[in-house]
Amino acid sequence: MPQLQRPDVIFLDVGDTLIRADPSWAAVYLSVFPDFGIAVTEEELAAALREATGSWDIEGPFEATAEASFQRIIEFDRQVLAELGHPDIPDDLFHAIEGAFQKRASWHVFPDVLPALERLQDEGFRLGIISNWLWEAPELFHDLEVARHFEQMVISARIGYQKPHRGIFDHALELMGVPAERAIHIGDSYSADVQGARAVGITPVLIDRDIGDQARTGQIPPDDGVPVIADLFELLDLLGVERPVASRAS
């Protein structure tokens with residue numbers, strides 16, 4: 001695998017890059033629906049989530065407060081539930097959904113993540129997060145024992161911009177005190193992570209964990225040339241960093 005020029009800073013996305021909803025995004029919603037008399041299949045919910053995600057275009061600027069973050073996700077959830085035939089929903093349901101997604105048990109940290117991050121730190125790389133996430137992201141990332149590896153966590157709800165808007169990338173570069181050409185960014189969305197990073201001069205790397213969500217990875221133009229990795233051990237390979245011993249057979 002061709003190697004990248006060594007950067008000073010490595011930025012990483014979070015959702016479907018470091019962690020994923022467990023066992024699925026739809027399943028976390030379904031865990032609270034019965035208490036509110038909502039009966040839908042996982043397939044129906046997954047389709048409604050895809051529909052709502054496709055039309056949820058709020059790059060910013062937007063208000064960067066906890067309440068504004070909650071109101072934005074309520075708007076998203078209302079759209080999902082209306083698609084499922086439930087237009088009139090009590091506010092308690094939205095709080096229950098938010099609580100479900102804040103539980104550590106609702107998330108799976110990919111097994112390569114922590115050992116790969118430790119190797120990167122051992123090799124002297126500075127690490128930062130750039131993530132489209134809600135206000136409570138830092139607390140969740142700490143609970144999942146991911147946050148301790150990162151110098152900065154740049155969260156869209158707390159910045160007022162979300163990827164691919166250059167505002168969130170520029171903010172991350174300023175916080176880390178690094179020029180764009182000395183940074184790389186790894187994420188699972190071609191539009192948000194690859195095109196967003198590239199637009200500000202950050203070298204992008206696309207991670208495709210083969211979770212079957214083409215809406216996120218998108219269609220990469222055949223002549224794009226962006227490096228594509230399957231996990232963070234392959235990122236180590238790109239950077240010329242020796243893998244942890246237990247992973248070398250991977």
# chains A, B, ... in the order shown; residues from 1 in each chain; ligands from 1
>>> residues_around(residues="Ile155 of chain A", least_positions_apart="6", cutoff="9 Å", atoms="only C-alpha atoms", output="ChimeraX atom specification")
/A:129-135,137-138,161-162,168
>>> residues_around(residues="segment 88-99 of chain A", least_positions_apart="2", cutoff="10 Å", atoms="only C-alpha atoms", output="NGL selection string")
:A and (28-33 or 35-36 or 38 or 70-71 or 73-75 or 77-78 or 81-82 or 85-86 or 101-103 or 134 or 136)
>>> write_last_selection(atoms="N, CA and C atoms", output="short mmCIF file (atom, residue, chain, number, x, y, z; two decimals), in the first residue's frame")
data_model
loop_
_atom_site.label_atom_id
_atom_site.label_comp_id
_atom_site.auth_asym_id
_atom_site.auth_seq_id
_atom_site.Cartn_x
_atom_site.Cartn_y
_atom_site.Cartn_z
N VAL A 28 -31.51 1.17 18.14
CA VAL A 28 -31.52 2.04 19.32
C VAL A 28 -32.85 2.78 19.42
N TYR A 29 -33.34 3.28 18.29
CA TYR A 29 -34.68 3.89 18.28
C TYR A 29 -35.73 2.89 18.74
N LEU A 30 -35.68 1.69 18.19
CA LEU A 30 -36.70 0.69 18.49
C LEU A 30 -36.70 0.28 19.96
N SER A 31 -35.60 0.49 20.65
CA SER A 31 -35.53 0.11 22.06
C SER A 31 -36.47 0.95 22.94
N VAL A 32 -36.86 2.14 22.45
CA VAL A 32 -37.74 2.99 23.26
C VAL A 32 -39.15 3.09 22.69
N PHE A 33 -39.35 2.68 21.43
CA PHE A 33 -40.66 2.84 20.80
C PHE A 33 -41.79 2.10 21.52
N ASP A 35 -42.56 1.62 24.55
CA ASP A 35 -43.09 2.36 25.70
C ASP A 35 -44.03 3.48 25.28
N PHE A 36 -44.02 3.83 23.99
CA PHE A 36 -44.87 4.91 23.49
C PHE A 36 -45.88 4.41 22.46
N ILE A 38 -45.51 2.66 19.75
CA ILE A 38 -45.13 2.72 18.34
C ILE A 38 -44.62 1.36 17.90
N PHE A 70 -30.53 20.12 20.61
CA PHE A 70 -31.67 19.24 20.90
C PHE A 70 -32.83 19.53 19.96
N GLN A 71 -33.08 20.79 19.69
CA GLN A 71 -34.19 21.13 18.80
C GLN A 71 -33.93 20.66 17.38
N ILE A 73 -32.25 17.94 16.52
CA ILE A 73 -32.47 16.49 16.43
C ILE A 73 -33.94 16.16 16.61
N ILE A 74 -34.69 16.96 17.37
CA ILE A 74 -36.14 16.76 17.45
C ILE A 74 -36.77 16.94 16.08
N GLU A 75 -36.33 17.96 15.36
CA GLU A 75 -36.85 18.19 14.01
C GLU A 75 -36.59 16.97 13.12
N ASP A 77 -36.09 13.82 14.17
CA ASP A 77 -36.90 12.69 14.64
C ASP A 77 -38.38 12.86 14.27
N ARG A 78 -38.88 14.08 14.29
CA ARG A 78 -40.27 14.32 13.87
C ARG A 78 -40.46 13.90 12.41
N LEU A 81 -40.56 10.06 12.25
CA LEU A 81 -41.81 9.50 12.78
C LEU A 81 -43.00 9.86 11.90
N ALA A 82 -42.99 11.04 11.31
CA ALA A 82 -44.07 11.39 10.38
C ALA A 82 -44.04 10.46 9.17
N GLY A 85 -45.88 7.42 9.86
CA GLY A 85 -47.30 7.57 10.15
C GLY A 85 -47.61 7.98 11.57
N HIS A 86 -46.64 8.61 12.24
CA HIS A 86 -46.84 9.06 13.63
C HIS A 86 -46.47 10.56 13.71
N PHE A 101 -29.50 6.99 23.07
CA PHE A 101 -28.25 7.15 22.32
C PHE A 101 -27.10 7.61 23.20
N GLN A 102 -27.37 8.04 24.41
CA GLN A 102 -26.30 8.43 25.33
C GLN A 102 -25.79 7.26 26.17
N LYS A 103 -26.43 6.10 26.06
CA LYS A 103 -26.00 4.94 26.84
C LYS A 103 -24.76 4.30 26.20
N LEU A 134 -24.12 15.58 18.22
CA LEU A 134 -24.90 16.43 19.10
C LEU A 134 -24.05 16.98 20.25
N GLU A 136 -23.91 16.52 23.37
CA GLU A 136 -23.42 15.63 24.43
C GLU A 136 -22.27 14.73 23.99
#
>>> closest_residue(among="A:Glu123, A:Glu59, A:Glu67, A:Glu83", to="Gly167 of chain A", atoms="only C-alpha atoms")
A:Glu59
>>> residues_around(residues="Glu145 of chain A", least_positions_apart="3", cutoff="12 Å", atoms="only C-alpha atoms", output="PyMOL selection string")
chain A and resi 18-19+104+107-109+113-114+117+138-142+148-150
>>> write_last_selection(atoms="N, CA and C atoms", output="compact mmCIF listing (two decimals), in the first residue's frame")
# COMPACT_ATOMS: atom_id res chain seq x y z
N LEU A 18 -14.86 5.38 14.16
CA LEU A 18 -14.36 4.85 15.42
C LEU A 18 -15.40 3.98 16.12
N ILE A 19 -16.66 4.35 16.01
CA ILE A 19 -17.73 3.63 16.70
C ILE A 19 -18.93 3.49 15.78
N ARG A 104 -23.82 3.97 27.02
CA ARG A 104 -22.61 3.30 26.53
C ARG A 104 -22.96 2.01 25.80
N TRP A 107 -23.48 1.63 21.88
CA TRP A 107 -22.38 1.88 20.94
C TRP A 107 -21.32 0.80 20.99
N HIS A 108 -20.77 0.50 19.83
CA HIS A 108 -19.70 -0.48 19.67
C HIS A 108 -18.46 0.24 19.18
N VAL A 109 -17.37 0.10 19.91
CA VAL A 109 -16.09 0.65 19.47
C VAL A 109 -15.41 -0.43 18.62
N VAL A 113 -9.70 0.17 16.88
CA VAL A 113 -9.59 1.61 17.18
C VAL A 113 -8.60 1.89 18.30
N LEU A 114 -8.80 1.34 19.46
CA LEU A 114 -7.95 1.70 20.60
C LEU A 114 -6.50 1.28 20.39
N LEU A 117 -5.01 3.75 17.79
CA LEU A 117 -4.80 5.08 18.34
C LEU A 117 -3.59 5.11 19.27
N PRO A 138 -18.93 14.94 23.78
CA PRO A 138 -17.74 14.73 24.61
C PRO A 138 -17.98 13.76 25.77
N GLU A 139 -19.13 13.87 26.41
CA GLU A 139 -19.43 12.97 27.53
C GLU A 139 -19.51 11.52 27.05
N LEU A 140 -20.19 11.30 25.91
CA LEU A 140 -20.29 9.94 25.38
C LEU A 140 -18.92 9.40 25.00
N PHE A 141 -18.10 10.21 24.34
CA PHE A 141 -16.79 9.74 23.90
C PHE A 141 -15.89 9.42 25.09
N HIS A 142 -16.05 10.17 26.19
CA HIS A 142 -15.32 9.83 27.41
C HIS A 142 -15.81 8.50 27.98
N ARG A 148 -9.85 10.11 25.51
CA ARG A 148 -8.53 10.32 26.13
C ARG A 148 -7.38 10.30 25.12
N HIS A 149 -7.63 9.81 23.94
CA HIS A 149 -6.57 9.74 22.93
C HIS A 149 -6.44 11.02 22.11
N PHE A 150 -7.35 11.97 22.31
CA PHE A 150 -7.41 13.12 21.41
C PHE A 150 -7.09 14.42 22.14
>>> closest_residue(among="A:Leu232, A:Ala26, A:Leu239, A:Leu206", to="Arg6 of chain A", atoms="only C-alpha atoms")
A:Leu239
>>> select_by_dssp(residues="segment 84-206 of chain A", states="alpha helix (DSSP H)", output="PyMOL selection string")
chain A and resi 91-101+113-122+137-143+156-159+166-176+196-199
>>> decode(residues="segment 75-216 of chain A", atoms="C-alpha atoms", output="mmCIF file, in the first residue's frame")
data_model
loop_
_atom_site.group_PDB
_atom_site.id
_atom_site.type_symbol
_atom_site.label_atom_id
_atom_site.label_comp_id
_atom_site.auth_asym_id
_atom_site.auth_seq_id
_atom_site.Cartn_x
_atom_site.Cartn_y
_atom_site.Cartn_z
ATOM 1 C CA GLU A 75 -36.854 18.186 14.014
ATOM 2 C CA PHE A 76 -35.051 15.219 12.461
ATOM 3 C CA ASP A 77 -36.904 12.692 14.636
ATOM 4 C CA ARG A 78 -40.267 14.316 13.869
ATOM 5 C CA GLN A 79 -39.564 13.837 10.177
ATOM 6 C CA VAL A 80 -38.685 10.177 10.736
ATOM 7 C CA LEU A 81 -41.808 9.504 12.776
ATOM 8 C CA ALA A 82 -44.066 11.387 10.378
ATOM 9 C CA GLU A 83 -42.701 9.185 7.581
ATOM 10 C CA LEU A 84 -43.777 6.195 9.686
ATOM 11 C CA GLY A 85 -47.299 7.565 10.150
ATOM 12 C CA HIS A 86 -46.835 9.065 13.626
ATOM 13 C CA PRO A 87 -47.023 12.863 13.191
ATOM 14 C CA ASP A 88 -48.149 13.678 16.754
ATOM 15 C CA ILE A 89 -45.524 12.613 19.265
ATOM 16 C CA PRO A 90 -45.129 13.618 22.954
ATOM 17 C CA ASP A 91 -41.931 15.406 23.903
ATOM 18 C CA ASP A 92 -41.120 12.579 26.329
ATOM 19 C CA LEU A 93 -40.352 10.317 23.381
ATOM 20 C CA PHE A 94 -37.683 12.660 22.058
ATOM 21 C CA HIS A 95 -36.018 12.764 25.472
ATOM 22 C CA ALA A 96 -36.171 8.957 25.628
ATOM 23 C CA ILE A 97 -34.517 8.629 22.217
ATOM 24 C CA GLU A 98 -31.782 11.056 23.240
ATOM 25 C CA GLY A 99 -31.221 9.093 26.462
ATOM 26 C CA ALA A 100 -30.976 5.802 24.580
ATOM 27 C CA PHE A 101 -28.253 7.152 22.315
ATOM 28 C CA GLN A 102 -26.303 8.428 25.329
ATOM 29 C CA LYS A 103 -25.999 4.941 26.835
ATOM 30 C CA ARG A 104 -22.605 3.302 26.529
ATOM 31 C CA ALA A 105 -24.342 0.014 25.699
ATOM 32 C CA SER A 106 -25.822 1.571 22.556
ATOM 33 C CA TRP A 107 -22.383 1.883 20.937
ATOM 34 C CA HIS A 108 -19.703 -0.481 19.674
ATOM 35 C CA VAL A 109 -16.087 0.648 19.469
ATOM 36 C CA PHE A 110 -14.460 -1.079 16.498
ATOM 37 C CA PRO A 111 -11.772 -3.482 17.811
ATOM 38 C CA ASP A 112 -8.928 -1.891 15.818
ATOM 39 C CA VAL A 113 -9.588 1.605 17.176
ATOM 40 C CA LEU A 114 -7.948 1.696 20.596
ATOM 41 C CA PRO A 115 -4.795 -0.266 19.696
ATOM 42 C CA ALA A 116 -4.334 1.774 16.508
ATOM 43 C CA LEU A 117 -4.801 5.084 18.337
ATOM 44 C CA GLU A 118 -2.267 3.980 20.950
ATOM 45 C CA ARG A 119 0.268 3.152 18.230
ATOM 46 C CA LEU A 120 -0.258 6.553 16.592
ATOM 47 C CA GLN A 121 0.310 8.300 19.908
ATOM 48 C CA ASP A 122 3.417 6.192 20.572
ATOM 49 C CA GLU A 123 4.756 7.377 17.215
ATOM 50 C CA GLY A 124 4.249 11.027 18.175
ATOM 51 C CA PHE A 125 1.225 11.900 16.044
ATOM 52 C CA ARG A 126 -1.130 14.537 17.437
ATOM 53 C CA LEU A 127 -4.763 13.416 17.205
ATOM 54 C CA GLY A 128 -8.016 15.362 16.952
ATOM 55 C CA ILE A 129 -11.691 14.598 16.348
ATOM 56 C CA ILE A 130 -13.844 16.366 13.764
ATOM 57 C CA SER A 131 -17.382 15.036 14.105
ATOM 58 C CA ASN A 132 -20.943 15.901 13.135
ATOM 59 C CA TRP A 133 -22.550 15.072 16.484
ATOM 60 C CA LEU A 134 -24.903 16.434 19.098
ATOM 61 C CA TRP A 135 -23.959 18.583 22.084
ATOM 62 C CA GLU A 136 -23.422 15.625 24.431
ATOM 63 C CA ALA A 137 -20.706 14.052 22.274
ATOM 64 C CA PRO A 138 -17.739 14.729 24.607
ATOM 65 C CA GLU A 139 -19.428 12.969 27.528
ATOM 66 C CA LEU A 140 -20.292 9.942 25.383
ATOM 67 C CA PHE A 141 -16.791 9.742 23.900
ATOM 68 C CA HIS A 142 -15.321 9.827 27.409
ATOM 69 C CA ASP A 143 -17.672 7.027 28.514
ATOM 70 C CA LEU A 144 -16.499 4.947 25.557
ATOM 71 C CA GLU A 145 -12.842 5.583 26.537
ATOM 72 C CA VAL A 146 -12.142 7.135 23.138
ATOM 73 C CA ALA A 147 -11.756 10.789 24.144
ATOM 74 C CA ARG A 148 -8.533 10.317 26.128
ATOM 75 C CA HIS A 149 -6.570 9.740 22.927
ATOM 76 C CA PHE A 150 -7.415 13.121 21.413
ATOM 77 C CA GLU A 151 -5.926 16.547 21.981
ATOM 78 C CA GLN A 152 -9.069 18.306 20.727
ATOM 79 C CA MET A 153 -12.657 17.225 20.034
ATOM 80 C CA VAL A 154 -14.307 19.482 17.467
ATOM 81 C CA ILE A 155 -18.048 18.751 17.588
ATOM 82 C CA SER A 156 -20.447 20.347 15.096
ATOM 83 C CA ALA A 157 -23.146 21.153 17.669
ATOM 84 C CA ARG A 158 -20.592 23.124 19.698
ATOM 85 C CA ILE A 159 -19.061 24.940 16.710
ATOM 86 C CA GLY A 160 -22.096 25.976 14.647
ATOM 87 C CA TYR A 161 -20.947 24.273 11.447
ATOM 88 C CA GLN A 162 -20.966 20.681 10.331
ATOM 89 C CA LYS A 163 -18.995 18.829 7.699
ATOM 90 C CA PRO A 164 -18.513 19.397 4.816
ATOM 91 C CA HIS A 165 -18.652 23.138 5.686
ATOM 92 C CA ARG A 166 -15.137 24.529 5.852
ATOM 93 C CA GLY A 167 -15.971 26.316 9.111
ATOM 94 C CA ILE A 168 -15.601 23.158 11.197
ATOM 95 C CA PHE A 169 -12.327 22.180 9.513
ATOM 96 C CA ASP A 170 -10.877 25.681 9.838
ATOM 97 C CA HIS A 171 -11.815 25.692 13.531
ATOM 98 C CA ALA A 172 -10.061 22.359 14.071
ATOM 99 C CA LEU A 173 -6.901 23.557 12.322
ATOM 100 C CA GLU A 174 -6.857 26.719 14.433
ATOM 101 C CA LEU A 175 -7.310 24.787 17.683
ATOM 102 C CA MET A 176 -4.477 22.404 16.830
ATOM 103 C CA GLY A 177 -2.261 25.196 15.489
ATOM 104 C CA VAL A 178 -1.417 23.325 12.312
ATOM 105 C CA PRO A 179 -1.532 24.364 8.625
ATOM 106 C CA ALA A 180 -3.894 22.335 6.453
ATOM 107 C CA GLU A 181 -1.056 20.801 4.418
ATOM 108 C CA ARG A 182 0.368 19.211 7.585
ATOM 109 C CA ALA A 183 -2.877 17.426 8.496
ATOM 110 C CA ILE A 184 -4.871 14.432 7.283
ATOM 111 C CA HIS A 185 -8.507 13.589 7.986
ATOM 112 C CA ILE A 186 -10.060 10.113 8.091
ATOM 113 C CA GLY A 187 -13.802 9.601 7.779
ATOM 114 C CA ASP A 188 -16.460 7.348 6.256
ATOM 115 C CA SER A 189 -18.429 9.908 4.223
ATOM 116 C CA TYR A 190 -17.128 10.839 0.782
ATOM 117 C CA SER A 191 -19.092 14.093 0.675
ATOM 118 C CA ALA A 192 -18.597 15.221 4.289
ATOM 119 C CA ASP A 193 -15.124 13.904 5.063
ATOM 120 C CA VAL A 194 -13.251 13.578 1.775
ATOM 121 C CA GLN A 195 -14.640 16.561 -0.111
ATOM 122 C CA GLY A 196 -14.919 18.682 3.023
ATOM 123 C CA ALA A 197 -11.304 18.097 4.086
ATOM 124 C CA ARG A 198 -9.954 18.470 0.575
ATOM 125 C CA ALA A 199 -11.694 21.835 0.120
ATOM 126 C CA VAL A 200 -9.563 23.353 2.906
ATOM 127 C CA GLY A 201 -6.313 21.661 1.862
ATOM 128 C CA ILE A 202 -6.349 18.740 4.325
ATOM 129 C CA THR A 203 -5.363 15.368 2.848
ATOM 130 C CA PRO A 204 -8.378 13.025 3.091
ATOM 131 C CA VAL A 205 -8.527 9.279 3.699
ATOM 132 C CA LEU A 206 -11.812 7.413 3.274
ATOM 133 C CA ILE A 207 -12.568 4.565 5.662
ATOM 134 C CA ASP A 208 -15.085 2.020 4.372
ATOM 135 C CA ARG A 209 -15.927 -0.537 7.036
ATOM 136 C CA ASP A 210 -18.322 -2.286 4.649
ATOM 137 C CA ILE A 211 -21.393 -1.634 6.762
ATOM 138 C CA GLY A 212 -23.506 -1.443 3.627
ATOM 139 C CA ASP A 213 -24.422 2.236 3.825
ATOM 140 C CA GLN A 214 -23.727 3.591 0.359
ATOM 141 C CA ALA A 215 -25.453 6.856 1.295
ATOM 142 C CA ARG A 216 -22.432 7.637 3.495
#
